[in-house]
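Peer 1: Following this message is one structure expressed as structure tokens.
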Amino acid sequence: MKLYSSPASPFARKCRVVARELGIELEVIDIDPWTNEEFRRINPLSKIPTLVLDDGSVLYDSRVICDYLNEFKSGHFVPAQSMWRTGAGRWRALSLQAIGDGIADAALICVRESKLSEERRNGDNVARAMAAIIASLDMLERVAGKFAEHPTIGEVAVGCALGYLDFRLSHLGWRATRPKLAAWYEQFAKYPSMQATAPANLK
Ligand SMILES: N[C@@H](CCC(=O)N[C@@H](CS)C(=O)NCC(=O)O)C(=O)O
């Protein structure tokens, strides 16, 4: 299987973490979806991550790809519906994933806007994205004590989003008022799969 990826992408990182945890070997191909027009032939949206299976079929979007990888190895990252009542259930995991992905989406908006000249920058977009990040982090601080002991796709998405904040928006200092989330992330970031996929050495 080939994963079109980029070293800093929090979405591609989710797939790489899940694949490593499940012992799935991926051929990772780094591309820049903003400049590689050829890539649109593989994914018309020109977004990474994109997974190409050995039979040539293509899967788009980190949620679909992680779901596929999880099923491929009968993993525990996307719990079955019947586990809902345990509190480590499917809807909790998928909603947590939505929050993690939402933080990453909002952070990408802030990063993209920050690269624009002042005349082209849309302050309202940045303010709205920042409000989503702050409110989501505050919400995560309230639930961090209930994160699953064995990470689901929800915890993976949150971990990858926090890693992206550290990498691109470190001035936010998100840990200062969120000690429970910070303590959880400190442990989660030590997973070998997180260490192996950290964007820390990039510019
Ligand atoms: N919902 C998508 C988001 C993927 C995404 O936004 N990827 C970014 C890179 S981190 C991208 O490919 N951007 C190119 C573009 O928006 O044209 C997912 O979970 O895979």
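In the structure tokens, chains take the letters A, B, ... in the order shown, each chain's residues start at 1, and ligands count up from 1 in the order shown.
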Using DSSP on the backbone coordinates, identify the residues of stretch 26-200 of chain A assigned to helix (DSSP H, G or I); present them as a PyMOL selection string.
Peer 2: chain A and resi 37-41+62-72+81-86+90-114+123-146+153-168+170-172+179-188+192-196
Peer 1: What's the 12 Å shell around A:Phe72, counting only C-alpha atoms, without same-chain residues fewer than 2 positions away, as a CSV table (one decimal) with N, CA and C atoms, in the first residue's frame?
Peer 2:
chain,number,residue,atom,x,y,z
A,1,MET,N,0.8,-1.2,0.0
A,1,MET,CA,0.0,0.0,0.0
A,1,MET,C,0.9,1.2,0.0
A,18,VAL,N,-1.5,4.9,13.1
A,18,VAL,CA,-2.4,3.8,13.1
A,18,VAL,C,-1.7,2.6,12.4
A,19,ALA,N,-1.1,2.9,11.2
A,19,ALA,CA,-0.5,1.8,10.5
A,19,ALA,C,0.7,1.2,11.3
A,22,LEU,N,-0.6,-1.0,14.1
A,22,LEU,CA,-1.1,-2.2,13.6
A,22,LEU,C,-0.1,-3.1,12.9
A,23,GLY,N,1.1,-2.6,12.8
A,23,GLY,CA,2.1,-3.4,12.1
A,23,GLY,C,1.9,-3.5,10.6
A,24,ILE,N,1.3,-2.5,10.0
A,24,ILE,CA,1.1,-2.4,8.6
A,24,ILE,C,2.2,-1.6,7.9
A,53,LEU,N,-4.2,1.3,-2.8
A,53,LEU,CA,-4.1,-0.1,-2.4
A,53,LEU,C,-3.4,-0.9,-3.5
A,65,ILE,N,-9.3,6.3,5.6
A,65,ILE,CA,-8.0,5.5,5.5
A,65,ILE,C,-7.8,4.8,6.8
A,66,CYS,N,-8.0,5.5,7.9
A,66,CYS,CA,-7.7,4.9,9.3
A,66,CYS,C,-8.8,3.8,9.5
A,67,ASP,N,-10.0,4.0,9.1
A,67,ASP,CA,-11.0,3.0,9.2
A,67,ASP,C,-10.6,1.7,8.4
A,68,TYR,N,-10.1,2.0,7.2
A,68,TYR,CA,-9.7,0.8,6.4
A,68,TYR,C,-8.6,0.1,7.0
A,69,LEU,N,-7.5,0.8,7.5
A,69,LEU,CA,-6.4,0.2,8.1
A,69,LEU,C,-6.8,-0.6,9.3
A,70,ASN,N,-7.7,0.0,10.1
A,70,ASN,CA,-8.2,-0.7,11.3
A,70,ASN,C,-8.9,-2.0,11.0
A,74,SER,N,-8.1,-5.9,11.8
A,74,SER,CA,-9.1,-6.1,12.9
A,74,SER,C,-8.6,-5.4,14.2
A,75,GLY,N,-8.3,-4.1,14.0
A,75,GLY,CA,-7.7,-3.3,15.1
A,75,GLY,C,-8.7,-2.8,16.1
A,76,HIS,N,-8.3,-2.0,17.1
A,76,HIS,CA,-9.2,-1.5,18.1
A,76,HIS,C,-9.3,0.0,18.1
A,77,PHE,N,-8.9,0.6,16.9
A,77,PHE,CA,-8.9,2.0,16.9
A,77,PHE,C,-10.3,2.6,16.7
A,78,VAL,N,-11.1,1.9,16.0
A,78,VAL,CA,-12.5,2.3,15.8
A,78,VAL,C,-13.4,1.3,16.4
Peer 1: Please identify all polymer residues within 8 Å of stretch 111-120 of chain A, counting only C-alpha atoms, omitting same-chain residues fewer than 6 positions from it, and present them as a ChimeraX atom specification.
Peer 2: /A:126,168-169
Peer 1: Would you save the residues of that selection, restricted to all heavy atoms, as an mmCIF file, in the first residue's frame?
Peer 2:
data_model
loop_
_atom_site.group_PDB
_atom_site.id
_atom_site.type_symbol
_atom_site.label_atom_id
_atom_site.label_comp_id
_atom_site.auth_asym_id
_atom_site.auth_seq_id
_atom_site.Cartn_x
_atom_site.Cartn_y
_atom_site.Cartn_z
ATOM 1 N N VAL A 126 -9.138 34.011 10.584
ATOM 2 C CA VAL A 126 -8.154 33.619 11.599
ATOM 3 C C VAL A 126 -8.808 33.634 12.980
ATOM 4 O O VAL A 126 -8.641 32.691 13.775
ATOM 5 C CB VAL A 126 -6.918 34.552 11.578
ATOM 6 C CG1 VAL A 126 -5.946 34.196 12.696
ATOM 7 C CG2 VAL A 126 -6.232 34.485 10.221
ATOM 8 N N ARG A 168 3.567 24.125 14.620
ATOM 9 C CA ARG A 168 3.295 25.326 13.816
ATOM 10 C C ARG A 168 2.782 26.526 14.628
ATOM 11 O O ARG A 168 2.906 27.659 14.201
ATOM 12 C CB ARG A 168 2.249 25.014 12.735
ATOM 13 C CG ARG A 168 2.733 24.115 11.616
ATOM 14 C CD ARG A 168 3.702 24.830 10.711
ATOM 15 N NE ARG A 168 3.892 24.107 9.477
ATOM 16 C CZ ARG A 168 5.080 23.915 8.900
ATOM 17 N NH1 ARG A 168 6.180 24.398 9.452
ATOM 18 N NH2 ARG A 168 5.177 23.263 7.767
ATOM 19 N N LEU A 169 2.129 26.275 15.770
ATOM 20 C CA LEU A 169 1.531 27.395 16.532
ATOM 21 C C LEU A 169 1.989 27.319 17.991
ATOM 22 O O LEU A 169 1.175 27.450 18.910
ATOM 23 C CB LEU A 169 0.000 27.345 16.441
ATOM 24 C CG LEU A 169 -0.633 27.454 15.043
ATOM 25 C CD1 LEU A 169 -2.132 27.254 15.101
ATOM 26 C CD2 LEU A 169 -0.333 28.809 14.394
#
Peer 1: For atom CA of A:Trp174 and atom CA of A:Ala189, quote the distance in Å rounded to one decimal.
Peer 2: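 Rounded to one decimal, the two atoms are 15.3 Å apart.
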Peer 1: Find the residues near ligand 1. Use a cut-off of 6 Å, count only C-alpha atoms and all ligand atoms, and write them as a compact mmCIF listing (two decimals) with N, CA, C and O atoms, in the first residue's frame.
Peer 2:
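Final output, saved to pocket27.txt:
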# COMPACT_ATOMS: atom_id res chain seq x y z
N SER A 9 1.98 16.90 7.91
CA SER A 9 0.51 16.83 7.90
C SER A 9 -0.03 16.06 9.11
O SER A 9 0.26 14.87 9.28
N PRO A 10 -0.87 16.72 9.93
CA PRO A 10 -1.45 16.01 11.08
C PRO A 10 -2.41 14.90 10.64
O PRO A 10 -2.60 13.91 11.35
N PHE A 11 -3.01 15.05 9.45
CA PHE A 11 -3.96 14.04 8.95
C PHE A 11 -3.21 12.80 8.46
O PHE A 11 -3.60 11.67 8.75
N PRO A 33 0.75 18.79 -1.98
CA PRO A 33 -0.50 18.79 -2.77
C PRO A 33 -0.83 20.16 -3.36
O PRO A 33 -1.67 20.26 -4.25
N TRP A 34 -0.18 21.20 -2.86
CA TRP A 34 -0.45 22.55 -3.37
C TRP A 34 0.24 22.80 -4.70
O TRP A 34 -0.18 23.66 -5.47
N SER A 46 -6.91 16.65 -4.60
CA SER A 46 -5.49 16.96 -4.36
C SER A 46 -5.20 17.19 -2.87
O SER A 46 -4.63 18.19 -2.48
N LYS A 47 -5.65 16.24 -2.07
CA LYS A 47 -5.40 16.34 -0.63
C LYS A 47 -4.64 15.11 -0.16
O LYS A 47 -4.86 14.00 -0.66
N ILE A 48 -3.81 15.32 0.82
CA ILE A 48 -3.18 14.20 1.50
C ILE A 48 -3.78 14.12 2.90
O ILE A 48 -4.21 15.16 3.44
N PRO A 49 -3.85 12.94 3.48
CA PRO A 49 -3.37 11.67 2.98
C PRO A 49 -4.28 11.06 1.91
O PRO A 49 -5.48 11.29 1.91
N ASP A 61 -9.05 10.70 2.40
CA ASP A 61 -9.43 11.25 3.71
C ASP A 61 -8.90 10.36 4.84
O ASP A 61 -9.10 9.13 4.84
N SER A 62 -8.29 11.01 5.81
CA SER A 62 -7.66 10.24 6.90
C SER A 62 -8.66 9.38 7.65
O SER A 62 -8.33 8.31 8.15
N ARG A 63 -9.92 9.84 7.73
CA ARG A 63 -10.91 9.04 8.49
C ARG A 63 -11.19 7.73 7.78
O ARG A 63 -11.27 6.67 8.39
Peer 1: Find the residues near A:Ala183: any atom within 10 Å, counting only C-alpha atoms, skip ones fewer than 6 places away on the same chain, and give them as a list in words.
Peer 2: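 My list of contacting residues is Ala144, Gly145 and Arg175 of chain A.
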Peer 1: Residues near stretch 147-158 of chain A, anyone? I mean within 9 Å using only C-alpha atoms, not counting same-chain ones fewer than 5 positions away, as a PyMOL selection string.
Peer 2: chain A and resi 10-11+13-14+17-18+63+66-67+76-79+87-88+90+92-101+103-104+140+163+184-185+188
Peer 1: Put those residues in a file: N, CA and C atoms, as a short mmCIF file (atom, residue, chain, number, x, y, z; two decimals), in the first residue's frame.
Peer 2:
data_model
loop_
_atom_site.label_atom_id
_atom_site.label_comp_id
_atom_site.auth_asym_id
_atom_site.auth_seq_id
_atom_site.Cartn_x
_atom_site.Cartn_y
_atom_site.Cartn_z
N PRO A 10 -0.87 16.72 9.93
CA PRO A 10 -1.45 16.01 11.08
C PRO A 10 -2.41 14.90 10.64
N PHE A 11 -3.01 15.05 9.45
CA PHE A 11 -3.96 14.04 8.95
C PHE A 11 -3.21 12.80 8.46
N ARG A 13 -0.34 12.01 9.48
CA ARG A 13 0.29 11.41 10.67
C ARG A 13 -0.66 10.42 11.36
N LYS A 14 -1.95 10.76 11.41
CA LYS A 14 -2.92 9.81 11.99
C LYS A 14 -2.78 8.44 11.32
N VAL A 17 0.52 6.71 12.19
CA VAL A 17 0.52 6.19 13.56
C VAL A 17 -0.31 4.91 13.63
N VAL A 18 -1.51 4.94 13.06
CA VAL A 18 -2.38 3.76 13.10
C VAL A 18 -1.72 2.59 12.38
N ARG A 63 -9.92 9.84 7.73
CA ARG A 63 -10.91 9.04 8.49
C ARG A 63 -11.19 7.73 7.78
N CYS A 66 -7.95 5.52 7.94
CA CYS A 66 -7.73 4.90 9.26
C CYS A 66 -8.75 3.79 9.50
N ASP A 67 -9.97 4.02 9.08
CA ASP A 67 -11.02 3.00 9.21
C ASP A 67 -10.62 1.75 8.42
N HIS A 76 -8.27 -2.04 17.07
CA HIS A 76 -9.15 -1.55 18.14
C HIS A 76 -9.33 -0.03 18.05
N PHE A 77 -8.88 0.58 16.95
CA PHE A 77 -8.89 2.05 16.89
C PHE A 77 -10.28 2.63 16.66
N VAL A 78 -11.14 1.87 15.99
CA VAL A 78 -12.52 2.33 15.76
C VAL A 78 -13.42 1.28 16.43
N PRO A 79 -13.80 1.52 17.68
CA PRO A 79 -14.56 0.49 18.41
C PRO A 79 -15.89 0.17 17.74
N GLY A 87 -18.25 3.38 27.47
CA GLY A 87 -17.62 4.70 27.54
C GLY A 87 -16.41 4.77 26.63
N ALA A 88 -15.95 3.62 26.15
CA ALA A 88 -14.84 3.63 25.19
C ALA A 88 -15.42 3.29 23.83
N ARG A 90 -17.81 3.55 20.14
CA ARG A 90 -17.62 4.05 18.78
C ARG A 90 -17.89 5.55 18.64
N ARG A 92 -18.09 7.92 20.89
CA ARG A 92 -17.15 8.75 21.63
C ARG A 92 -15.85 8.89 20.84
N ALA A 93 -15.36 7.76 20.32
CA ALA A 93 -14.09 7.77 19.58
C ALA A 93 -14.21 8.63 18.31
N LEU A 94 -15.34 8.47 17.59
CA LEU A 94 -15.49 9.21 16.33
C LEU A 94 -15.69 10.70 16.59
N SER A 95 -16.40 11.04 17.67
CA SER A 95 -16.58 12.46 17.99
C SER A 95 -15.27 13.09 18.43
N LEU A 96 -14.50 12.32 19.20
CA LEU A 96 -13.20 12.83 19.63
C LEU A 96 -12.29 13.04 18.41
N GLN A 97 -12.39 12.09 17.45
CA GLN A 97 -11.62 12.26 16.21
C GLN A 97 -12.05 13.55 15.49
N ALA A 98 -13.36 13.82 15.49
CA ALA A 98 -13.85 15.03 14.81
C ALA A 98 -13.28 16.29 15.47
N ILE A 99 -13.15 16.27 16.80
CA ILE A 99 -12.57 17.43 17.49
C ILE A 99 -11.08 17.57 17.15
N GLY A 100 -10.37 16.45 17.19
CA GLY A 100 -8.93 16.50 16.84
C GLY A 100 -8.73 17.00 15.42
N ASP A 101 -9.50 16.45 14.48
CA ASP A 101 -9.38 16.87 13.08
C ASP A 101 -9.79 18.34 12.92
N ILE A 103 -9.47 20.73 15.14
CA ILE A 103 -8.36 21.58 15.61
C ILE A 103 -7.30 21.67 14.52
N ALA A 104 -7.00 20.52 13.91
CA ALA A 104 -5.98 20.51 12.85
C ALA A 104 -6.43 21.36 11.65
N LEU A 140 -11.38 19.64 25.61
CA LEU A 140 -10.53 18.44 25.79
C LEU A 140 -9.95 18.38 27.20
N GLY A 163 0.28 17.76 18.40
CA GLY A 163 1.64 17.78 17.84
C GLY A 163 1.77 18.87 16.79
N TRP A 184 -1.64 14.10 29.71
CA TRP A 184 -1.98 12.99 28.82
C TRP A 184 -1.07 12.99 27.58
N TYR A 185 -0.91 14.17 26.98
CA TYR A 185 -0.13 14.25 25.73
C TYR A 185 1.34 13.89 25.97
N PHE A 188 1.35 10.26 25.71
CA PHE A 188 0.97 9.76 24.38
C PHE A 188 2.09 10.03 23.35
#
Peer 1: So how far away is atom CA of A:Tyr4 from atom CA of A:Ile29, in Å?
Peer 2: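 Distance reported for this atom pair: 4.9 Å.
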Peer 1: I want to know what sits within 9 Å of A:Ala8, based on only C-alpha atoms, with residues of the same chain fewer than 4 positions away left out; could you give that as a list of chain:residue names?
Peer 2: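 Using only C-alpha atoms, the neighbours found are A:Ala12, A:Arg13, A:Tyr164, A:Phe167, A:Thr197, A:Ala198, A:Pro199, A:Ala200, A:Leu202.
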Peer 1: Would you save the residues from that selection as an mmCIF file, in the first residue's frame, using C-alpha atoms?
Peer 2:
data_model
loop_
_atom_site.group_PDB
_atom_site.id
_atom_site.type_symbol
_atom_site.label_atom_id
_atom_site.label_comp_id
_atom_site.auth_asym_id
_atom_site.auth_seq_id
_atom_site.Cartn_x
_atom_site.Cartn_y
_atom_site.Cartn_z
ATOM 1 C CA ALA A 12 -1.327 11.901 7.266
ATOM 2 C CA ARG A 13 0.287 11.408 10.671
ATOM 3 C CA TYR A 164 0.751 20.070 14.953
ATOM 4 C CA PHE A 167 5.021 22.418 15.544
ATOM 5 C CA THR A 197 6.253 10.342 12.823
ATOM 6 C CA ALA A 198 7.042 13.586 14.704
ATOM 7 C CA PRO A 199 7.500 16.614 12.453
ATOM 8 C CA ALA A 200 9.893 18.155 15.003
ATOM 9 C CA LEU A 202 11.220 20.018 9.852
#
Peer 1: Between A:Met139, A:Gly102, A:Ile109, A:Glu186, single out the one closest to A:Ala161, counting only C-alpha atoms.
Peer 2: A:Gly102
Peer 1: Apply DSSP to the structure's backbone, then extract all residues of stretch 43-154 of chain A labelled strand (DSSP E) and return them as an NGL selection string.
Peer 2: :A and (50-52 or 58-60)
Peer 1: Restricted to N, CA and C atoms, what would the selected residues look like written as a PDB file, in the first residue's frame?
Peer 2:
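result_0.pdb, written as the output of this step:
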ATOM      1  N   THR A  50      -3.659  10.257   1.046  1.00  0.00           N
ATOM      2  CA  THR A  50      -4.377   9.450   0.061  1.00  0.00           C
ATOM      3  C   THR A  50      -3.705   8.076   0.059  1.00  0.00           C
ATOM      4  N   LEU A  51      -4.524   7.037   0.116  1.00  0.00           N
ATOM      5  CA  LEU A  51      -3.973   5.675   0.171  1.00  0.00           C
ATOM      6  C   LEU A  51      -4.277   4.957  -1.139  1.00  0.00           C
ATOM      7  N   VAL A  52      -3.249   4.378  -1.748  1.00  0.00           N
ATOM      8  CA  VAL A  52      -3.450   3.564  -2.954  1.00  0.00           C
ATOM      9  C   VAL A  52      -3.207   2.106  -2.571  1.00  0.00           C
ATOM     10  N   VAL A  58      -8.184   3.575  -4.740  1.00  0.00           N
ATOM     11  CA  VAL A  58      -7.686   4.741  -4.013  1.00  0.00           C
ATOM     12  C   VAL A  58      -8.663   5.122  -2.899  1.00  0.00           C
ATOM     13  N   LEU A  59      -8.130   5.376  -1.725  1.00  0.00           N
ATOM     14  CA  LEU A  59      -8.956   5.831  -0.598  1.00  0.00           C
ATOM     15  C   LEU A  59      -8.539   7.247  -0.217  1.00  0.00           C
ATOM     16  N   TYR A  60      -9.524   8.118  -0.020  1.00  0.00           N
ATOM     17  CA  TYR A  60      -9.262   9.509   0.347  1.00  0.00           C
ATOM     18  C   TYR A  60      -9.712   9.767   1.773  1.00  0.00           C
TER      19      TYR A  60
END
Peer 1: Could you work out how far atom CA of A:Asp32 lies from atom CA of A:Ser5, giving the answer in Å with one decimal?
Peer 2: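 About the pair atom CA of A:Ser5 and atom CA of A:Asp32: they are 8.3 Å apart.
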